[in-house]
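Undergrad: What follows is final-v7.txt, compact mmCIF, C-alpha atoms.
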```
# COMPACT_ATOMS: atom_id res chain seq x y z
CA MET X 1 -237.22 169.82 -7.59
CA LYS X 2 -234.48 172.36 -8.28
CA ILE X 3 -234.80 175.30 -5.89
CA GLY X 4 -232.63 178.40 -6.04
CA VAL X 5 -232.52 180.40 -2.83
CA ILE X 6 -231.68 184.03 -3.63
CA GLY X 7 -230.13 185.67 -0.60
CA ALA X 8 -227.69 184.11 1.87
CA GLY X 9 -228.59 186.03 4.99
CA SER X 10 -229.74 184.11 8.04
CA PHE X 11 -233.23 183.25 6.77
CA GLY X 12 -232.12 182.50 3.22
CA THR X 13 -229.47 180.17 4.58
CA ALA X 14 -232.04 178.49 6.83
CA MET X 15 -234.40 178.02 3.89
CA SER X 16 -231.63 176.42 1.82
CA ILE X 17 -231.07 173.96 4.67
CA ILE X 18 -234.80 173.19 4.86
CA ALA X 19 -235.15 172.82 1.08
CA ALA X 20 -232.26 170.33 1.03
CA ARG X 21 -233.61 168.51 4.10
CA CYS X 22 -236.89 168.06 2.21
CA GLY X 23 -235.06 166.30 -0.62
CA ASN X 24 -234.70 169.08 -3.19
CA ASP X 25 -231.64 170.06 -5.22
CA VAL X 26 -230.60 173.49 -3.92
CA THR X 27 -228.45 176.40 -5.02
CA LEU X 28 -227.88 179.25 -2.56
CA TRP X 29 -226.97 182.62 -4.10
CA ALA X 30 -224.95 185.07 -2.01
CA HIS X 31 -224.44 188.70 -2.98
CA ASP X 32 -221.01 188.60 -1.32
CA PRO X 33 -218.66 186.26 -3.24
CA ARG X 34 -216.63 185.70 -0.06
CA ILE X 35 -219.67 184.23 1.70
CA ALA X 36 -220.42 181.93 -1.25
CA ALA X 37 -216.82 180.72 -1.31
CA ALA X 38 -216.72 180.20 2.46
CA ILE X 39 -219.92 178.15 2.42
CA GLN X 40 -218.51 175.93 -0.33
CA THR X 41 -215.36 175.20 1.67
CA THR X 42 -216.52 175.22 5.32
CA ARG X 43 -220.28 174.42 4.94
CA VAL X 44 -221.02 177.26 7.38
CA ASN X 45 -222.31 180.80 6.82
CA THR X 46 -220.35 182.34 9.67
CA PRO X 47 -221.55 185.96 9.48
CA TYR X 48 -225.25 185.07 9.46
CA LEU X 49 -225.90 181.52 10.69
CA GLY X 50 -222.64 180.11 11.95
CA GLN X 51 -224.24 177.72 14.43
CA VAL X 52 -225.66 175.29 11.83
CA LYS X 53 -223.90 173.22 9.20
CA ILE X 54 -225.15 173.50 5.62
CA ASP X 55 -225.72 170.21 3.85
CA GLU X 56 -223.17 169.21 1.20
CA SER X 57 -225.98 169.06 -1.35
CA VAL X 58 -226.47 172.84 -1.16
CA ARG X 59 -224.30 174.57 -3.74
CA ALA X 60 -223.39 178.16 -2.88
CA THR X 61 -222.71 180.62 -5.70
CA HIS X 62 -222.25 184.31 -6.40
CA ASP X 63 -223.37 183.87 -10.01
CA LEU X 64 -226.98 184.97 -10.57
CA ARG X 65 -227.00 183.40 -14.02
CA GLU X 66 -226.11 180.04 -12.52
CA ALA X 67 -228.83 180.32 -9.88
CA ALA X 68 -231.47 181.45 -12.39
CA GLN X 69 -230.76 178.78 -15.00
CA PHE X 70 -230.50 176.02 -12.41
CA SER X 71 -233.85 176.63 -10.75
CA ASP X 72 -237.44 175.53 -11.28
CA ILE X 73 -238.42 177.61 -8.25
CA LEU X 74 -236.69 180.76 -7.01
CA LEU X 75 -237.05 181.45 -3.30
CA MET X 76 -236.41 185.18 -2.90
CA VAL X 77 -235.00 186.11 0.50
CA VAL X 78 -233.42 189.52 -0.11
CA PRO X 79 -234.21 192.79 1.71
CA SER X 80 -237.26 194.60 0.33
CA HIS X 81 -235.21 197.58 -0.88
CA HIS X 82 -233.07 195.26 -3.05
CA TYR X 83 -235.92 193.04 -4.27
CA ARG X 84 -236.70 194.90 -7.50
CA ASN X 85 -233.07 195.21 -8.59
CA VAL X 86 -232.23 191.56 -7.92
CA LEU X 87 -235.35 190.39 -9.78
CA THR X 88 -234.50 192.67 -12.71
CA GLU X 89 -231.06 191.08 -12.95
CA LEU X 90 -232.52 187.59 -12.63
CA ARG X 91 -234.98 188.18 -15.45
CA GLU X 92 -232.13 188.54 -17.94
CA HIS X 93 -231.00 185.00 -17.18
CA LEU X 94 -234.36 183.18 -17.15
CA ARG X 95 -234.80 180.77 -20.05
CA GLU X 96 -238.49 180.12 -19.32
CA PRO X 97 -241.20 181.24 -16.86
CA VAL X 98 -240.36 180.52 -13.23
CA THR X 99 -242.23 180.20 -9.95
CA ILE X 100 -241.21 182.81 -7.39
CA VAL X 101 -241.60 182.16 -3.66
CA SER X 102 -241.01 185.24 -1.57
CA GLY X 103 -239.60 185.02 1.95
CA THR X 104 -239.12 188.80 2.17
CA LYS X 105 -241.14 190.59 4.86
CA GLY X 106 -241.31 194.18 3.73
CA ILE X 107 -242.94 196.84 1.55
CA GLU X 108 -241.08 198.88 -1.07
CA ASN X 109 -240.98 202.41 0.35
CA GLU X 110 -240.80 204.27 -2.95
CA THR X 111 -243.88 202.65 -4.50
CA LEU X 112 -245.65 201.10 -1.46
CA GLU X 113 -245.77 197.88 -3.49
CA ARG X 114 -245.65 194.42 -1.96
CA MET X 115 -243.21 191.83 -3.28
CA SER X 116 -245.97 190.11 -5.28
CA GLU X 117 -246.67 193.35 -7.13
CA ILE X 118 -242.98 193.92 -7.80
CA ALA X 119 -242.56 190.38 -9.14
CA THR X 120 -245.53 190.81 -11.48
CA SER X 121 -244.31 194.14 -12.87
CA VAL X 122 -240.66 193.10 -13.24
CA LEU X 123 -241.03 189.56 -14.57
CA GLY X 124 -244.18 189.88 -16.66
CA ASP X 125 -244.55 186.78 -18.81
CA LYS X 126 -241.47 185.25 -17.17
CA LEU X 127 -243.50 184.77 -13.96
CA LYS X 128 -245.16 181.34 -13.90
CA ALA X 129 -246.64 181.65 -10.40
CA PHE X 130 -246.01 183.66 -7.24
CA GLY X 131 -246.14 182.48 -3.64
CA VAL X 132 -245.25 184.03 -0.31
CA LEU X 133 -243.87 182.01 2.59
CA SER X 134 -244.30 183.52 6.04
CA GLY X 135 -244.89 182.64 9.67
CA PRO X 136 -243.07 182.33 13.01
CA THR X 137 -239.73 181.19 11.62
CA PHE X 138 -236.60 182.36 13.43
CA ALA X 139 -233.76 181.29 11.15
CA LEU X 140 -231.60 179.59 13.80
CA GLU X 141 -234.41 177.50 15.24
CA THR X 142 -235.73 176.58 11.80
CA ALA X 143 -232.30 175.53 10.53
CA ARG X 144 -231.36 173.43 13.56
CA GLY X 145 -234.57 171.42 13.21
CA ASP X 146 -236.90 172.77 15.90
CA PRO X 147 -240.48 171.89 14.86
CA THR X 148 -241.68 174.92 12.88
CA ALA X 149 -244.89 175.77 11.02
CA ALA X 150 -245.49 178.45 8.40
CA VAL X 151 -247.84 179.39 5.54
CA ILE X 152 -247.35 179.33 1.78
CA ALA X 153 -249.89 181.52 -0.02
CA SER X 154 -250.48 181.74 -3.75
CA ARG X 155 -253.44 182.73 -5.91
CA ASP X 156 -252.50 179.65 -7.92
CA VAL X 157 -253.75 177.05 -5.46
CA GLU X 158 -251.99 174.19 -7.27
CA ALA X 159 -248.69 176.06 -7.01
CA ALA X 160 -249.28 176.59 -3.28
CA ARG X 161 -249.98 172.89 -2.81
CA GLN X 162 -246.88 171.94 -4.81
CA ILE X 163 -244.61 174.18 -2.75
CA GLN X 164 -246.26 172.91 0.42
CA GLN X 165 -245.28 169.37 -0.54
CA LEU X 166 -241.77 170.29 -1.67
CA MET X 167 -240.88 172.30 1.45
CA SER X 168 -242.51 170.22 4.19
CA CYS X 169 -240.55 167.63 6.16
CA SER X 170 -240.32 166.21 9.69
CA SER X 171 -239.22 169.52 11.25
CA PHE X 172 -240.90 172.04 8.91
CA ARG X 173 -244.62 172.04 8.20
CA LEU X 174 -246.34 174.31 5.68
CA TYR X 175 -250.02 175.17 5.48
CA HIS X 176 -251.36 176.53 2.20
CA SER X 177 -253.52 179.60 1.56
CA ASP X 178 -254.66 181.74 -1.35
CA ASP X 179 -254.53 185.02 0.62
CA VAL X 180 -251.33 186.46 -0.80
CA THR X 181 -252.17 190.02 0.23
CA GLY X 182 -252.96 189.06 3.81
CA VAL X 183 -249.87 186.91 4.29
CA GLU X 184 -247.56 189.54 2.78
CA LEU X 185 -249.00 192.36 4.89
CA ALA X 186 -249.10 190.32 8.09
CA GLY X 187 -245.43 189.40 7.69
CA SER X 188 -244.41 192.97 6.95
CA LEU X 189 -246.50 195.03 9.36
CA LYS X 190 -245.78 192.93 12.44
CA ASN X 191 -242.15 194.07 12.32
CA VAL X 192 -243.19 197.60 13.27
CA ILE X 193 -245.02 196.29 16.33
CA ALA X 194 -241.98 194.17 17.20
CA ILE X 195 -239.77 197.28 17.28
CA ALA X 196 -242.30 198.85 19.65
CA ALA X 197 -242.17 195.73 21.85
CA GLY X 198 -238.41 196.07 22.00
CA VAL X 199 -238.75 199.71 22.98
CA LEU X 200 -240.87 198.65 25.96
CA GLU X 201 -238.13 196.24 27.02
CA GLY X 202 -235.53 198.99 26.68
CA LEU X 203 -237.66 201.24 28.87
CA GLY X 204 -237.73 198.55 31.56
CA LEU X 205 -241.47 197.88 31.32
CA GLY X 206 -243.12 194.55 32.06
CA TYR X 207 -245.46 191.90 30.74
CA ASN X 208 -248.68 193.90 31.19
CA THR X 209 -247.47 196.56 28.79
CA THR X 210 -246.12 194.09 26.25
CA ALA X 211 -249.33 192.04 26.22
CA ALA X 212 -251.39 195.17 25.62
CA LEU X 213 -249.06 196.26 22.83
CA ILE X 214 -249.21 192.90 21.03
CA THR X 215 -253.00 192.78 21.26
CA ARG X 216 -253.57 196.34 20.07
CA GLY X 217 -250.83 195.93 17.50
CA LEU X 218 -252.60 192.93 16.01
CA HIS X 219 -255.79 194.99 15.91
CA GLU X 220 -254.28 197.81 13.85
CA VAL X 221 -252.28 195.52 11.58
CA THR X 222 -255.47 193.58 10.82
CA ARG X 223 -257.44 196.75 10.11
CA LEU X 224 -254.97 197.92 7.49
CA GLY X 225 -254.49 194.44 6.07
CA VAL X 226 -258.21 193.87 5.59
CA ALA X 227 -258.64 197.36 4.08
CA LEU X 228 -256.01 196.42 1.49
CA GLY X 229 -257.68 193.13 0.61
CA GLY X 230 -256.41 190.59 3.14
CA ARG X 231 -258.74 188.28 5.06
CA PRO X 232 -259.27 188.61 8.85
CA GLU X 233 -258.53 184.94 9.49
CA THR X 234 -255.05 185.31 7.97
CA PHE X 235 -254.13 187.83 10.65
CA ALA X 236 -255.35 185.45 13.35
CA GLY X 237 -253.16 182.66 11.97
CA LEU X 238 -249.48 181.75 11.66
CA ALA X 239 -248.52 184.63 9.37
CA GLY X 240 -250.35 187.12 11.59
CA MET X 241 -250.67 186.40 15.29
CA GLY X 242 -248.09 183.62 15.25
CA ASP X 243 -245.33 185.70 13.70
CA LEU X 244 -246.32 188.78 15.71
CA VAL X 245 -246.03 186.97 19.04
CA LEU X 246 -242.68 185.48 18.02
CA THR X 247 -241.08 188.73 16.90
CA CYS X 248 -242.44 190.72 19.84
CA THR X 249 -241.23 188.29 22.52
CA GLY X 250 -238.33 186.26 21.10
CA SER X 251 -234.75 187.21 21.88
CA LEU X 252 -233.69 186.30 18.31
CA SER X 253 -235.90 189.02 16.79
CA ARG X 254 -233.86 191.67 14.94
CA ASN X 255 -236.70 194.18 15.11
CA ARG X 256 -237.29 193.66 18.82
CA SER X 257 -233.55 193.96 19.50
CA LEU X 258 -233.40 197.22 17.56
CA GLY X 259 -236.35 198.55 19.56
CA ALA X 260 -234.74 197.54 22.84
CA ALA X 261 -231.64 199.53 21.93
CA LEU X 262 -233.80 202.53 21.04
CA GLY X 263 -235.64 202.28 24.35
CA ALA X 264 -232.33 202.12 26.20
CA GLY X 265 -231.30 205.44 24.65
CA LYS X 266 -229.23 204.52 21.57
CA GLN X 267 -229.65 206.49 18.36
CA LEU X 268 -230.98 204.67 15.30
CA GLU X 269 -227.93 205.47 13.16
CA GLN X 270 -225.64 203.92 15.77
CA ILE X 271 -227.76 200.78 16.06
CA LEU X 272 -227.86 200.26 12.30
CA SER X 273 -224.11 200.77 11.99
CA GLU X 274 -223.42 198.02 14.51
CA THR X 275 -225.20 195.17 12.71
CA ARG X 276 -225.05 193.40 9.35
CA THR X 277 -228.61 192.14 9.56
CA VAL X 278 -231.65 194.04 8.28
CA ALA X 279 -234.52 195.03 10.58
CA GLU X 280 -237.29 195.44 7.98
CA GLY X 281 -239.55 197.19 10.47
CA VAL X 282 -237.59 200.43 10.17
CA ARG X 283 -238.50 200.87 6.51
CA THR X 284 -241.92 199.29 6.93
CA SER X 285 -242.92 201.86 9.56
CA LYS X 286 -242.64 204.54 6.88
CA ALA X 287 -244.55 202.55 4.25
CA ALA X 288 -247.22 201.50 6.73
CA SER X 289 -247.74 205.08 7.91
CA GLU X 290 -248.22 206.22 4.33
CA LEU X 291 -250.62 203.38 3.56
CA ALA X 292 -252.61 204.08 6.71
CA GLU X 293 -252.93 207.75 5.78
CA ARG X 294 -253.86 206.93 2.18
CA HIS X 295 -256.64 204.57 3.29
CA SER X 296 -257.75 206.57 6.38
CA ILE X 297 -256.85 203.75 8.80
CA ASP X 298 -256.02 204.70 12.39
CA MET X 299 -252.73 203.00 13.36
CA PRO X 300 -251.54 204.73 16.54
CA ILE X 301 -248.68 202.35 17.42
CA THR X 302 -247.31 202.47 13.89
CA THR X 303 -247.63 206.26 13.83
CA GLU X 304 -245.70 206.62 17.07
CA MET X 305 -242.97 204.24 15.90
CA PHE X 306 -242.59 206.30 12.72
CA ARG X 307 -242.13 209.39 14.88
CA VAL X 308 -239.51 207.66 17.02
CA LEU X 309 -237.61 206.25 14.05
CA TYR X 310 -237.81 209.16 11.62
CA GLU X 311 -238.65 212.30 13.57
CA GLY X 312 -236.52 211.95 16.68
CA GLU X 313 -239.41 211.53 19.09
CA SER X 314 -238.48 210.07 22.48
CA PRO X 315 -239.86 206.59 23.19
CA ARG X 316 -241.29 207.72 26.52
CA ALA X 317 -243.17 210.61 24.92
CA ALA X 318 -244.55 208.25 22.26
CA LEU X 319 -245.74 205.82 24.92
CA GLN X 320 -247.38 208.58 26.93
CA ARG X 321 -249.22 209.79 23.86
CA LEU X 322 -250.55 206.27 23.23
CA MET X 323 -251.76 205.96 26.82
CA SER X 324 -253.49 209.36 26.79
CA ARG X 325 -255.50 208.88 23.59
CA SER X 326 -259.25 209.35 23.82
CA LEU X 327 -261.09 206.39 25.34
CA LYS X 328 -263.11 204.14 23.04
CA ALA X 329 -264.67 200.69 22.65
CA GLU X 330 -262.18 197.83 22.24
CA ALA X 331 -263.61 196.80 18.86
CA ALA X 332 -264.02 200.39 17.59
CA ARG X 333 -263.44 200.70 13.86
```
Could you write out this structure as structure tokens?

TA:
Amino acid sequence: MKIGVIGAGSFGTAMSIIAARCGNDVTLWAHDPRIAAAIQTTRVNTPYLGQVKIDESVRATHDLREAAQFSDILLMVVPSHHYRNVLTELREHLREPVTIVSGTKGIENETLERMSEIATSVLGDKLKAFGVLSGPTFALETARGDPTAAVIASRDVEAARQIQQLMSCSSFRLYHSDDVTGVELAGSLKNVIAIAAGVLEGLGLGYNTTAALITRGLHEVTRLGVALGGRPETFAGLAGMGDLVLTCTGSLSRNRSLGAALGAGKQLEQILSETRTVAEGVRTSKAASELAERHSIDMPITTEMFRVLYEGESPRAALQRLMSRSLKAEAAR
């Protein structure tokens, strides 16, 4: 199958490696023409994933028309705030309806729409099927061949099964689901909790605190996700608990690293200026807070992270407020 990977950041690059490893013909689109050219000549994406060689069968390009017209499936791995614009440009070059697989873990702040909703509104009759791929998938470990498992969800079950077959190989295993809403929200909302986990590290706190945060974080993420139409079991699976544990504890987590810097006293603007990678949890904390308010869902960790990120609240004050909330039953709704 011909797969076009749209976005040559670390995860997009990793997915192009996996797609080629699974026997597909692959084009990798990079927004930066210098990155596309460098990959073609050196077979390495130095700024984002310089530790792993990219197979010769992966063609890198800066030409969206080339990527669009080459592909039977487009794997979208661009930041959530660029998703709509890139899809709009792609639509102009599509000759026939295409299957979109989203690897983006975010929510559009301006509309509070998920990537599936954006794809439907932008592509219209040019959208053949939509799937979302998510789970505990650090780019470096995935690309170098560490055994990795994830979920592909689509309301078109046959499309989900097809993508599962196309993107599964000896080191990468996909499970299929039809819970698009749950998988999208699990992948997006966990990033906010991961920033909070990093804050705890930056404050010098230990495993007790982190374990409590992950557990209560999963609780509030699930509550919002189910209220918006996701299924509880999705949040207990790879896209939910699996990805949450990874991003809250793994040293390769961008969101956790950002939180650790915040907890150590750095200002958000300084942290963001020092990295090329995108920590989706920063934007998602705003969208999640608005969604929680709109649907009357109590999300105390998310609320406190919004205050830290957008209102200048100190991490220690936010933590103290969480610990001094009124006492209640563990399973309180």

Undergrad: For Thr209 (chain X), which residue among X:Gly23, X:Asp178, X:Ala196, X:Thr88 is the nearest when counting all atoms listed in the file?

TA: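 Closest residue, counting all atoms listed in the file: X:Ala196.
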
Undergrad: Could you give me, as a list in words, the residues that sit within 12 Å of (-251.9, 203.2, 26.2) in the file's coordinates, counting only C-alpha atoms?

TA: Leu200, Asn208, Thr209, Thr210, Ala211, Ala212, Leu213, Ile214, Thr215, Arg216, Gly217, Pro300, Ile301, Glu304, Arg316, Ala317, Ala318, Leu319, Gln320, Arg321, Leu322, Met323, Ser324, Arg325, Ser326, Leu327 and Lys328 of chain X

Undergrad: Write the residues of the preceding selection, restricted to C-alpha atoms, as a tab-separated table (two decimals), in the coordinates of the input.

TA:
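And here is the file that came out, again.tsv:
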```tsv
chain	number	residue	atom	x	y	z
X	200	LEU	CA	-240.87	198.65	25.96
X	208	ASN	CA	-248.68	193.90	31.19
X	209	THR	CA	-247.47	196.56	28.79
X	210	THR	CA	-246.12	194.09	26.25
X	211	ALA	CA	-249.33	192.04	26.22
X	212	ALA	CA	-251.39	195.17	25.62
X	213	LEU	CA	-249.06	196.26	22.83
X	214	ILE	CA	-249.21	192.90	21.03
X	215	THR	CA	-253.00	192.78	21.26
X	216	ARG	CA	-253.57	196.34	20.07
X	217	GLY	CA	-250.83	195.93	17.50
X	300	PRO	CA	-251.54	204.73	16.54
X	301	ILE	CA	-248.68	202.35	17.42
X	304	GLU	CA	-245.70	206.62	17.07
X	316	ARG	CA	-241.29	207.72	26.52
X	317	ALA	CA	-243.17	210.61	24.92
X	318	ALA	CA	-244.55	208.25	22.26
X	319	LEU	CA	-245.74	205.82	24.92
X	320	GLN	CA	-247.38	208.58	26.93
X	321	ARG	CA	-249.22	209.79	23.86
X	322	LEU	CA	-250.55	206.27	23.23
X	323	MET	CA	-251.76	205.96	26.82
X	324	SER	CA	-253.49	209.36	26.79
X	325	ARG	CA	-255.50	208.88	23.59
X	326	SER	CA	-259.25	209.35	23.82
X	327	LEU	CA	-261.09	206.39	25.34
X	328	LYS	CA	-263.11	204.14	23.04
```

Undergrad: Using only C-alpha atoms, what table do you get, as CSV, when you list each residue of region 152-232 of chain X with an atom no more than 8 Å from region 275-295 of chain X, its nearest pair of atoms, and their distance in Å rounded to one decimal, rows by chain then rising number?

TA:
```
residue,atom,partner,partner_atom,distance
X:Ser188,CA,X:Thr284,CA,6.8
X:Leu189,CA,X:Thr284,CA,6.7
X:Lys190,CA,X:Gly281,CA,7.8
X:Asn191,CA,X:Gly281,CA,4.5
X:Val192,CA,X:Gly281,CA,4.6
X:Ala194,CA,X:Gly281,CA,7.8
X:Ile195,CA,X:Gly281,CA,6.8
X:Leu224,CA,X:Ala292,CA,6.6
X:Ala227,CA,X:His295,CA,7.5
```

Undergrad: Residues within 7 Å of Val5 (chain X), please, as JSON, numbers by chain. Count all atoms listed in the file; anything in the same chain fewer than 4 positions from it doesn't count.

TA: {"X": [12, 16, 27, 28, 29, 74, 75, 76]}

Undergrad: Mind giving me the straight-line distance from CA of Val98 (chain X) to CA of Arg59 (chain X) in Å, one decimal?

TA: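 Between CA of Val98 (chain X) and CA of Arg59 (chain X) the gap is 19.6 Å.
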
Undergrad: Starting from the point (-245.8, 182.4, 9.0), work out which residues of protein, DNA or RNA have an atom no more than 10 Å away when counting all atoms listed in the file; state them as a VMD selection string.

TA: chain X and resid 103 132 to 137 148 to 153 174 to 175 183 to 184 186 to 187 234 237 to 244

Undergrad: Take the residues from that selection and put them in a file with C-alpha atoms, as a PDB file, in the coordinates of the input.

TA:
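Output file again.pdb is given in full below:
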```pdb
ATOM      1  CA  GLY X 103    -239.600 185.020   1.950  1.00  0.00           C
ATOM      2  CA  VAL X 132    -245.250 184.030  -0.310  1.00  0.00           C
ATOM      3  CA  LEU X 133    -243.870 182.010   2.590  1.00  0.00           C
ATOM      4  CA  SER X 134    -244.300 183.520   6.040  1.00  0.00           C
ATOM      5  CA  GLY X 135    -244.890 182.640   9.670  1.00  0.00           C
ATOM      6  CA  PRO X 136    -243.070 182.330  13.010  1.00  0.00           C
ATOM      7  CA  THR X 137    -239.730 181.190  11.620  1.00  0.00           C
ATOM      8  CA  THR X 148    -241.680 174.920  12.880  1.00  0.00           C
ATOM      9  CA  ALA X 149    -244.890 175.770  11.020  1.00  0.00           C
ATOM     10  CA  ALA X 150    -245.490 178.450   8.400  1.00  0.00           C
ATOM     11  CA  VAL X 151    -247.840 179.390   5.540  1.00  0.00           C
ATOM     12  CA  ILE X 152    -247.350 179.330   1.780  1.00  0.00           C
ATOM     13  CA  ALA X 153    -249.890 181.520  -0.020  1.00  0.00           C
ATOM     14  CA  LEU X 174    -246.340 174.310   5.680  1.00  0.00           C
ATOM     15  CA  TYR X 175    -250.020 175.170   5.480  1.00  0.00           C
ATOM     16  CA  VAL X 183    -249.870 186.910   4.290  1.00  0.00           C
ATOM     17  CA  GLU X 184    -247.560 189.540   2.780  1.00  0.00           C
ATOM     18  CA  ALA X 186    -249.100 190.320   8.090  1.00  0.00           C
ATOM     19  CA  GLY X 187    -245.430 189.400   7.690  1.00  0.00           C
ATOM     20  CA  THR X 234    -255.050 185.310   7.970  1.00  0.00           C
ATOM     21  CA  GLY X 237    -253.160 182.660  11.970  1.00  0.00           C
ATOM     22  CA  LEU X 238    -249.480 181.750  11.660  1.00  0.00           C
ATOM     23  CA  ALA X 239    -248.520 184.630   9.370  1.00  0.00           C
ATOM     24  CA  GLY X 240    -250.350 187.120  11.590  1.00  0.00           C
ATOM     25  CA  MET X 241    -250.670 186.400  15.290  1.00  0.00           C
ATOM     26  CA  GLY X 242    -248.090 183.620  15.250  1.00  0.00           C
ATOM     27  CA  ASP X 243    -245.330 185.700  13.700  1.00  0.00           C
ATOM     28  CA  LEU X 244    -246.320 188.780  15.710  1.00  0.00           C
TER      29      LEU X 244
END
```

Undergrad: Of the residues X:Leu272, X:Ile6, X:Met115, X:Leu309, which is the one nearest to Gly131 (chain X), using all atoms listed in the file?

TA: X:Met115
